[in-house]
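Enquirer: What follows is coords27.cif, made up of mmCIF, N, CA and C atoms:
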data_my_file
#
loop_
_atom_site.label_atom_id
_atom_site.label_comp_id
_atom_site.auth_asym_id
_atom_site.auth_seq_id
_atom_site.Cartn_x
_atom_site.Cartn_y
_atom_site.Cartn_z
N GLN A 714 -18.02 -7.02 -6.26
CA GLN A 714 -16.57 -7.05 -6.07
C GLN A 714 -16.06 -5.64 -5.84
N ALA A 715 -15.13 -5.51 -4.93
CA ALA A 715 -14.61 -4.19 -4.60
C ALA A 715 -13.81 -3.63 -5.77
N GLN A 716 -13.90 -2.31 -5.94
CA GLN A 716 -13.13 -1.59 -6.94
C GLN A 716 -12.01 -0.88 -6.20
N LEU A 717 -10.79 -1.34 -6.37
CA LEU A 717 -9.70 -0.84 -5.55
C LEU A 717 -8.59 -0.21 -6.36
N GLY A 718 -8.92 0.42 -7.46
CA GLY A 718 -7.89 1.04 -8.27
C GLY A 718 -7.11 2.07 -7.51
N ALA A 719 -5.79 2.03 -7.63
CA ALA A 719 -4.91 2.95 -6.93
C ALA A 719 -4.57 4.15 -7.80
N SER A 720 -4.25 5.25 -7.15
CA SER A 720 -3.85 6.46 -7.87
C SER A 720 -2.79 7.19 -7.06
N GLY A 721 -2.11 8.11 -7.73
CA GLY A 721 -1.14 8.96 -7.05
C GLY A 721 0.31 8.69 -7.39
N GLY A 722 0.57 7.62 -8.11
CA GLY A 722 1.95 7.33 -8.44
C GLY A 722 2.49 8.26 -9.52
N GLU A 723 3.78 8.55 -9.42
CA GLU A 723 4.44 9.38 -10.42
C GLU A 723 5.95 9.29 -10.23
N LEU A 724 6.65 10.02 -11.05
CA LEU A 724 8.11 10.09 -10.95
C LEU A 724 8.47 11.15 -9.91
N VAL A 725 9.36 10.79 -8.99
CA VAL A 725 9.76 11.72 -7.94
C VAL A 725 11.25 11.52 -7.65
N GLN A 726 11.89 12.56 -7.18
CA GLN A 726 13.30 12.44 -6.85
C GLN A 726 13.49 11.79 -5.49
N ALA A 727 14.63 11.16 -5.31
CA ALA A 727 14.95 10.56 -4.01
C ALA A 727 14.85 11.62 -2.92
N GLY A 728 14.27 11.22 -1.80
CA GLY A 728 14.06 12.14 -0.70
C GLY A 728 12.69 12.81 -0.74
N GLY A 729 11.99 12.66 -1.84
CA GLY A 729 10.69 13.27 -2.00
C GLY A 729 9.58 12.48 -1.35
N SER A 730 8.35 12.97 -1.55
CA SER A 730 7.17 12.36 -0.95
C SER A 730 6.08 12.17 -1.99
N LEU A 731 5.24 11.18 -1.74
CA LEU A 731 4.05 10.94 -2.56
C LEU A 731 2.94 10.42 -1.67
N ARG A 732 1.71 10.63 -2.12
CA ARG A 732 0.56 10.09 -1.40
C ARG A 732 -0.26 9.27 -2.38
N LEU A 733 -0.41 7.99 -2.09
CA LEU A 733 -1.22 7.10 -2.92
C LEU A 733 -2.58 6.90 -2.27
N SER A 734 -3.59 6.67 -3.10
CA SER A 734 -4.94 6.43 -2.57
C SER A 734 -5.61 5.30 -3.32
N CYS A 735 -6.49 4.60 -2.62
CA CYS A 735 -7.37 3.65 -3.29
C CYS A 735 -8.69 3.63 -2.52
N ALA A 736 -9.73 3.17 -3.18
CA ALA A 736 -11.04 3.11 -2.54
C ALA A 736 -11.04 2.07 -1.43
N ALA A 737 -11.59 2.42 -0.30
CA ALA A 737 -11.70 1.47 0.82
C ALA A 737 -12.82 0.48 0.52
N SER A 738 -12.69 -0.72 1.07
CA SER A 738 -13.68 -1.76 0.83
C SER A 738 -14.38 -2.12 2.13
N GLY A 739 -15.49 -1.43 2.42
CA GLY A 739 -16.30 -1.76 3.58
C GLY A 739 -15.47 -1.88 4.84
N SER A 740 -15.69 -2.94 5.56
CA SER A 740 -14.99 -3.13 6.84
C SER A 740 -13.79 -4.08 6.70
N TYR A 741 -13.39 -4.38 5.48
CA TYR A 741 -12.26 -5.27 5.25
C TYR A 741 -10.96 -4.64 5.74
N ALA A 742 -10.02 -5.48 6.11
CA ALA A 742 -8.65 -5.02 6.30
C ALA A 742 -8.12 -4.60 4.93
N MET A 743 -7.36 -3.52 4.90
CA MET A 743 -6.84 -2.99 3.64
C MET A 743 -5.33 -2.95 3.71
N GLY A 744 -4.71 -3.26 2.59
CA GLY A 744 -3.25 -3.26 2.59
C GLY A 744 -2.68 -2.72 1.29
N TRP A 745 -1.44 -2.31 1.36
CA TRP A 745 -0.69 -1.89 0.19
C TRP A 745 0.44 -2.88 -0.07
N PHE A 746 0.64 -3.18 -1.33
CA PHE A 746 1.71 -4.06 -1.77
C PHE A 746 2.44 -3.39 -2.92
N ARG A 747 3.62 -3.90 -3.23
CA ARG A 747 4.35 -3.36 -4.37
C ARG A 747 5.12 -4.47 -5.05
N GLN A 748 5.36 -4.25 -6.32
CA GLN A 748 6.14 -5.22 -7.09
C GLN A 748 6.98 -4.48 -8.11
N ALA A 749 8.27 -4.71 -8.02
CA ALA A 749 9.21 -4.13 -8.97
C ALA A 749 9.50 -5.16 -10.06
N PRO A 750 9.88 -4.71 -11.24
CA PRO A 750 10.18 -5.64 -12.33
C PRO A 750 11.24 -6.66 -11.92
N GLY A 751 10.94 -7.93 -12.16
CA GLY A 751 11.89 -8.97 -11.85
C GLY A 751 11.97 -9.36 -10.40
N LYS A 752 11.13 -8.75 -9.57
CA LYS A 752 11.14 -9.05 -8.13
C LYS A 752 9.79 -9.59 -7.69
N GLU A 753 9.80 -10.26 -6.54
CA GLU A 753 8.55 -10.77 -6.00
C GLU A 753 7.70 -9.65 -5.42
N ARG A 754 6.43 -9.91 -5.36
CA ARG A 754 5.52 -8.97 -4.72
C ARG A 754 5.90 -8.81 -3.25
N GLU A 755 5.81 -7.60 -2.74
CA GLU A 755 6.25 -7.30 -1.38
C GLU A 755 5.14 -6.61 -0.61
N PHE A 756 4.88 -7.09 0.59
CA PHE A 756 3.95 -6.43 1.50
C PHE A 756 4.53 -5.08 1.92
N VAL A 757 3.68 -4.05 1.98
CA VAL A 757 4.13 -2.73 2.39
C VAL A 757 3.49 -2.30 3.71
N ALA A 758 2.17 -2.32 3.76
CA ALA A 758 1.48 -1.85 4.97
C ALA A 758 0.05 -2.39 4.99
N VAL A 759 -0.51 -2.49 6.19
CA VAL A 759 -1.88 -2.95 6.36
C VAL A 759 -2.55 -2.12 7.45
N ILE A 760 -3.86 -1.92 7.32
CA ILE A 760 -4.63 -1.23 8.33
C ILE A 760 -5.95 -1.95 8.55
N TRP A 761 -6.32 -2.13 9.80
CA TRP A 761 -7.62 -2.72 10.13
C TRP A 761 -8.02 -2.24 11.52
N ARG A 762 -9.25 -1.71 11.57
CA ARG A 762 -9.82 -1.20 12.81
C ARG A 762 -8.87 -0.26 13.54
N GLY A 763 -8.19 0.58 12.80
CA GLY A 763 -7.29 1.55 13.40
C GLY A 763 -5.90 1.04 13.71
N ASN A 764 -5.69 -0.27 13.58
CA ASN A 764 -4.37 -0.85 13.81
C ASN A 764 -3.59 -0.88 12.50
N THR A 765 -2.30 -0.68 12.58
CA THR A 765 -1.45 -0.68 11.39
C THR A 765 -0.22 -1.56 11.59
N ASP A 766 0.31 -2.00 10.47
CA ASP A 766 1.55 -2.76 10.48
C ASP A 766 2.29 -2.45 9.20
N TYR A 767 3.63 -2.48 9.27
CA TYR A 767 4.45 -2.09 8.12
C TYR A 767 5.57 -3.08 7.88
N ALA A 768 6.00 -3.13 6.64
CA ALA A 768 7.23 -3.86 6.33
C ALA A 768 8.39 -3.09 6.94
N ASP A 769 9.41 -3.82 7.37
CA ASP A 769 10.57 -3.17 7.97
C ASP A 769 11.20 -2.14 7.04
N SER A 770 11.15 -2.42 5.75
CA SER A 770 11.81 -1.55 4.78
C SER A 770 11.16 -0.17 4.67
N VAL A 771 9.93 -0.02 5.17
CA VAL A 771 9.24 1.27 5.04
C VAL A 771 8.88 1.89 6.38
N LYS A 772 9.14 1.18 7.46
CA LYS A 772 8.79 1.71 8.79
C LYS A 772 9.47 3.04 9.03
N GLY A 773 8.71 3.99 9.54
CA GLY A 773 9.24 5.31 9.82
C GLY A 773 9.21 6.24 8.62
N ARG A 774 8.94 5.70 7.45
CA ARG A 774 8.89 6.54 6.24
C ARG A 774 7.50 6.58 5.63
N PHE A 775 6.77 5.46 5.71
CA PHE A 775 5.45 5.36 5.11
C PHE A 775 4.39 5.32 6.21
N THR A 776 3.22 5.89 5.90
CA THR A 776 2.10 5.85 6.84
C THR A 776 0.84 5.48 6.09
N ILE A 777 0.16 4.44 6.58
CA ILE A 777 -1.11 4.04 5.99
C ILE A 777 -2.23 4.61 6.85
N SER A 778 -3.29 5.08 6.20
CA SER A 778 -4.40 5.65 6.95
C SER A 778 -5.69 5.44 6.18
N ARG A 779 -6.78 5.55 6.90
CA ARG A 779 -8.09 5.35 6.30
C ARG A 779 -8.87 6.65 6.46
N ASP A 780 -9.39 7.17 5.37
CA ASP A 780 -10.19 8.39 5.37
C ASP A 780 -11.65 7.99 5.21
N ASN A 781 -12.40 8.06 6.31
CA ASN A 781 -13.79 7.59 6.27
C ASN A 781 -14.71 8.57 5.56
N VAL A 782 -14.29 9.80 5.39
CA VAL A 782 -15.11 10.78 4.65
C VAL A 782 -14.98 10.51 3.15
N ARG A 783 -13.74 10.37 2.69
CA ARG A 783 -13.50 10.09 1.28
C ARG A 783 -13.65 8.61 0.95
N ASN A 784 -13.70 7.78 1.99
CA ASN A 784 -13.78 6.33 1.83
C ASN A 784 -12.58 5.80 1.04
N THR A 785 -11.42 6.23 1.47
CA THR A 785 -10.18 5.79 0.82
C THR A 785 -9.20 5.27 1.86
N VAL A 786 -8.25 4.51 1.37
CA VAL A 786 -7.10 4.10 2.15
C VAL A 786 -5.89 4.71 1.49
N ASP A 787 -5.15 5.49 2.24
CA ASP A 787 -4.04 6.25 1.68
C ASP A 787 -2.70 5.74 2.18
N LEU A 788 -1.69 5.93 1.38
CA LEU A 788 -0.33 5.58 1.78
C LEU A 788 0.53 6.82 1.58
N GLN A 789 0.89 7.46 2.66
CA GLN A 789 1.77 8.61 2.61
C GLN A 789 3.20 8.12 2.65
N MET A 790 3.96 8.43 1.61
CA MET A 790 5.32 7.96 1.50
C MET A 790 6.28 9.15 1.56
N THR A 791 7.22 9.10 2.46
CA THR A 791 8.21 10.17 2.59
C THR A 791 9.61 9.58 2.51
N SER A 792 10.59 10.45 2.37
CA SER A 792 12.00 10.03 2.27
C SER A 792 12.15 8.88 1.28
N LEU A 793 11.56 9.05 0.12
CA LEU A 793 11.56 7.99 -0.87
C LEU A 793 12.97 7.69 -1.36
N LYS A 794 13.20 6.40 -1.64
CA LYS A 794 14.48 5.92 -2.12
C LYS A 794 14.29 5.27 -3.48
N PRO A 795 15.37 5.18 -4.26
CA PRO A 795 15.24 4.51 -5.56
C PRO A 795 14.72 3.08 -5.43
N GLU A 796 15.06 2.41 -4.34
CA GLU A 796 14.58 1.04 -4.16
C GLU A 796 13.08 0.96 -3.85
N ASP A 797 12.43 2.09 -3.66
CA ASP A 797 10.98 2.10 -3.50
C ASP A 797 10.26 2.07 -4.84
N THR A 798 11.01 2.17 -5.92
CA THR A 798 10.42 2.14 -7.26
C THR A 798 9.72 0.82 -7.49
N ALA A 799 8.43 0.88 -7.84
CA ALA A 799 7.63 -0.33 -8.03
C ALA A 799 6.23 0.06 -8.47
N ASP A 800 5.47 -0.95 -8.88
CA ASP A 800 4.04 -0.79 -9.08
C ASP A 800 3.36 -1.06 -7.74
N TYR A 801 2.61 -0.10 -7.26
CA TYR A 801 1.94 -0.22 -5.96
C TYR A 801 0.44 -0.47 -6.17
N PHE A 802 -0.10 -1.42 -5.43
CA PHE A 802 -1.52 -1.66 -5.51
C PHE A 802 -2.08 -1.92 -4.12
N CYS A 803 -3.37 -1.73 -3.98
CA CYS A 803 -3.99 -2.03 -2.70
C CYS A 803 -4.86 -3.27 -2.81
N ALA A 804 -5.09 -3.90 -1.70
CA ALA A 804 -5.85 -5.15 -1.63
C ALA A 804 -6.66 -5.18 -0.36
N ALA A 805 -7.65 -6.06 -0.33
CA ALA A 805 -8.54 -6.16 0.83
C ALA A 805 -8.81 -7.62 1.16
N ASP A 806 -8.99 -7.86 2.45
CA ASP A 806 -9.37 -9.20 2.90
C ASP A 806 -10.04 -9.08 4.26
N ALA A 807 -10.88 -10.06 4.56
CA ALA A 807 -11.54 -10.04 5.87
C ALA A 807 -10.55 -10.29 6.99
N SER A 808 -9.44 -10.95 6.70
CA SER A 808 -8.45 -11.28 7.71
C SER A 808 -7.20 -10.44 7.54
N PRO A 809 -6.86 -9.59 8.51
CA PRO A 809 -5.62 -8.81 8.41
C PRO A 809 -4.39 -9.69 8.44
N LEU A 810 -4.47 -10.86 9.09
CA LEU A 810 -3.33 -11.76 9.12
C LEU A 810 -3.07 -12.36 7.74
N GLN A 811 -4.15 -12.74 7.07
CA GLN A 811 -4.01 -13.25 5.70
C GLN A 811 -3.44 -12.17 4.80
N LEU A 812 -3.97 -10.96 4.97
CA LEU A 812 -3.51 -9.85 4.14
C LEU A 812 -2.03 -9.59 4.38
N ARG A 813 -1.63 -9.64 5.62
CA ARG A 813 -0.22 -9.44 5.96
C ARG A 813 0.68 -10.48 5.29
N ARG A 814 0.13 -11.66 5.08
CA ARG A 814 0.88 -12.74 4.42
C ARG A 814 0.77 -12.67 2.91
N GLY A 815 0.06 -11.68 2.40
CA GLY A 815 -0.06 -11.54 0.96
C GLY A 815 -1.20 -12.32 0.34
N ILE A 816 -2.15 -12.75 1.16
CA ILE A 816 -3.32 -13.47 0.68
C ILE A 816 -4.52 -12.53 0.82
N PHE A 817 -5.23 -12.30 -0.28
CA PHE A 817 -6.31 -11.33 -0.23
C PHE A 817 -7.44 -11.72 -1.15
N SER A 818 -8.62 -11.19 -0.83
CA SER A 818 -9.82 -11.49 -1.61
C SER A 818 -9.94 -10.59 -2.83
N PHE A 819 -9.53 -9.35 -2.69
CA PHE A 819 -9.65 -8.38 -3.77
C PHE A 819 -8.36 -7.61 -3.90
N ARG A 820 -8.08 -7.19 -5.11
CA ARG A 820 -6.97 -6.29 -5.35
C ARG A 820 -7.36 -5.37 -6.48
N GLY A 821 -6.67 -4.26 -6.57
CA GLY A 821 -6.98 -3.31 -7.62
C GLY A 821 -5.83 -3.13 -8.58
N GLN A 822 -6.06 -2.31 -9.57
CA GLN A 822 -5.00 -1.95 -10.52
C GLN A 822 -3.94 -1.15 -9.79
N GLY A 823 -2.73 -1.30 -10.18
CA GLY A 823 -1.63 -0.61 -9.53
C GLY A 823 -1.39 0.78 -10.07
N THR A 824 -0.52 1.48 -9.37
CA THR A 824 -0.07 2.79 -9.81
C THR A 824 1.46 2.80 -9.70
N GLN A 825 2.12 3.32 -10.72
CA GLN A 825 3.57 3.23 -10.79
C GLN A 825 4.23 4.36 -10.00
N VAL A 826 5.15 3.98 -9.14
CA VAL A 826 5.98 4.94 -8.42
C VAL A 826 7.41 4.75 -8.89
N THR A 827 8.02 5.82 -9.36
CA THR A 827 9.41 5.78 -9.82
C THR A 827 10.19 6.83 -9.06
N VAL A 828 11.24 6.40 -8.38
CA VAL A 828 12.08 7.30 -7.59
C VAL A 828 13.44 7.38 -8.25
N SER A 829 13.78 8.57 -8.69
CA SER A 829 15.07 8.76 -9.36
C SER A 829 16.13 9.16 -8.35
N SER A 830 17.36 8.75 -8.63
CA SER A 830 18.46 9.03 -7.69
C SER A 830 19.13 10.36 -8.01
#
Write the structure described by the file as structure tokens, please.
Expert:
Amino acid sequence: QAQLGASGGELVQAGGSLRLSCAASGSYAMGWFRQAPGKEREFVAVIWRGNTDYADSVKGRFTISRDNVRNTVDLQMTSLKPEDTADYFCAADASPLQLRRGIFSFRGQGTQVTVSS
């Protein structure tokens, strides 16, 4: 089973940046999701074979990338807003379409991102 623990979350001021990382899982499509207290889980971004897709709420601010040397999938977050506050985790699935819909084979422990106003 893939080990996909995420890291990099912390408290940051609005307008700031953070970079999250998790271990990549072979050739699976990899995605980032987030969940804030009292809210449903939300798709953030997905990457597979160099292709990427983002939730509208993060387009232009977040960038997902795969580092084949470190074997990680990273989420660079810029222009952070208080509404980005959530527990972020990464997940993997053989199907990027399934992953985009929030269906995945593996997921890891999350990392907390808190954006203060």
Enquirer: As a check of understanding, name the residues that the PyMOL selection byres ((chain A and resi 743) around 8) selects in the supplied structure, as number ranges by chain.
Expert: A: 737-738, 740-742, 744-746, 758-762, 786, 803-809, 812-813
Enquirer: Between A:Arg747, A:Arg820, A:Arg814, A:Arg732, which has the minimum distance to Thr798 of chain A (counting all atoms listed in the file)?
Expert: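 Counting all atoms listed in the file, the residue closest to Thr798 of chain A is A:Arg747.
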Enquirer: Smallest atom-to-atom distance to Leu788 of chain A: which of A:Ser818, A:Ser734, A:Gln726, A:Ser720, using all atoms listed in the file?
Expert: A:Ser734
Enquirer: Report, in Å to a single decimal, how far apart atom CA of Met790 of chain A and atom CA of Gly739 of chain A are.
Expert: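 Distance reported for this atom pair: 23.8 Å.
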Enquirer: Give as a list in words every residue, naming chains and numbers as the document does, that has an atom within 6 Å of (9.6, 6.8, -12.1), counting all atoms listed in the file.
Expert: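 These residues have at least one counted atom within 6 Å: Glu723, Leu724, Val725, Val826, Thr827, Val828 and Ser829 of chain A.
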Enquirer: In the coordinates of the file, take the point (4.5, -3.6, -7.5) and a cut-off of 6 Å; then, counting only N, CA and C atoms, name each qualifying protein, DNA or RNA residue as a ChimeraX atom specification.
Expert: /A:746-749,799-802
Enquirer: Could you pull out the strand (DSSP E) residues of segment 734-822 of chain A, going by DSSP on the backbone, and write them as a PyMOL selection string?
Expert: chain A and resi 734-736+742-748+755-761+764-767+775-780+785-790+799-806+819-820
Enquirer: Which is closer to Lys772 of chain A than all the others in A:Gly722, A:Gly815, A:Val757, A:Thr785, using all atoms listed in the file?
Expert: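 Nearest to Lys772 of chain A: A:Val757.
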Enquirer: Report, in Å with one decimal, the straight-line distance from atom N of Gly721 of chain A to atom C of Ala736 of chain A.
Expert: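 For atom N of Gly721 of chain A relative to atom C of Ala736 of chain A, the distance reads 12.5 Å.
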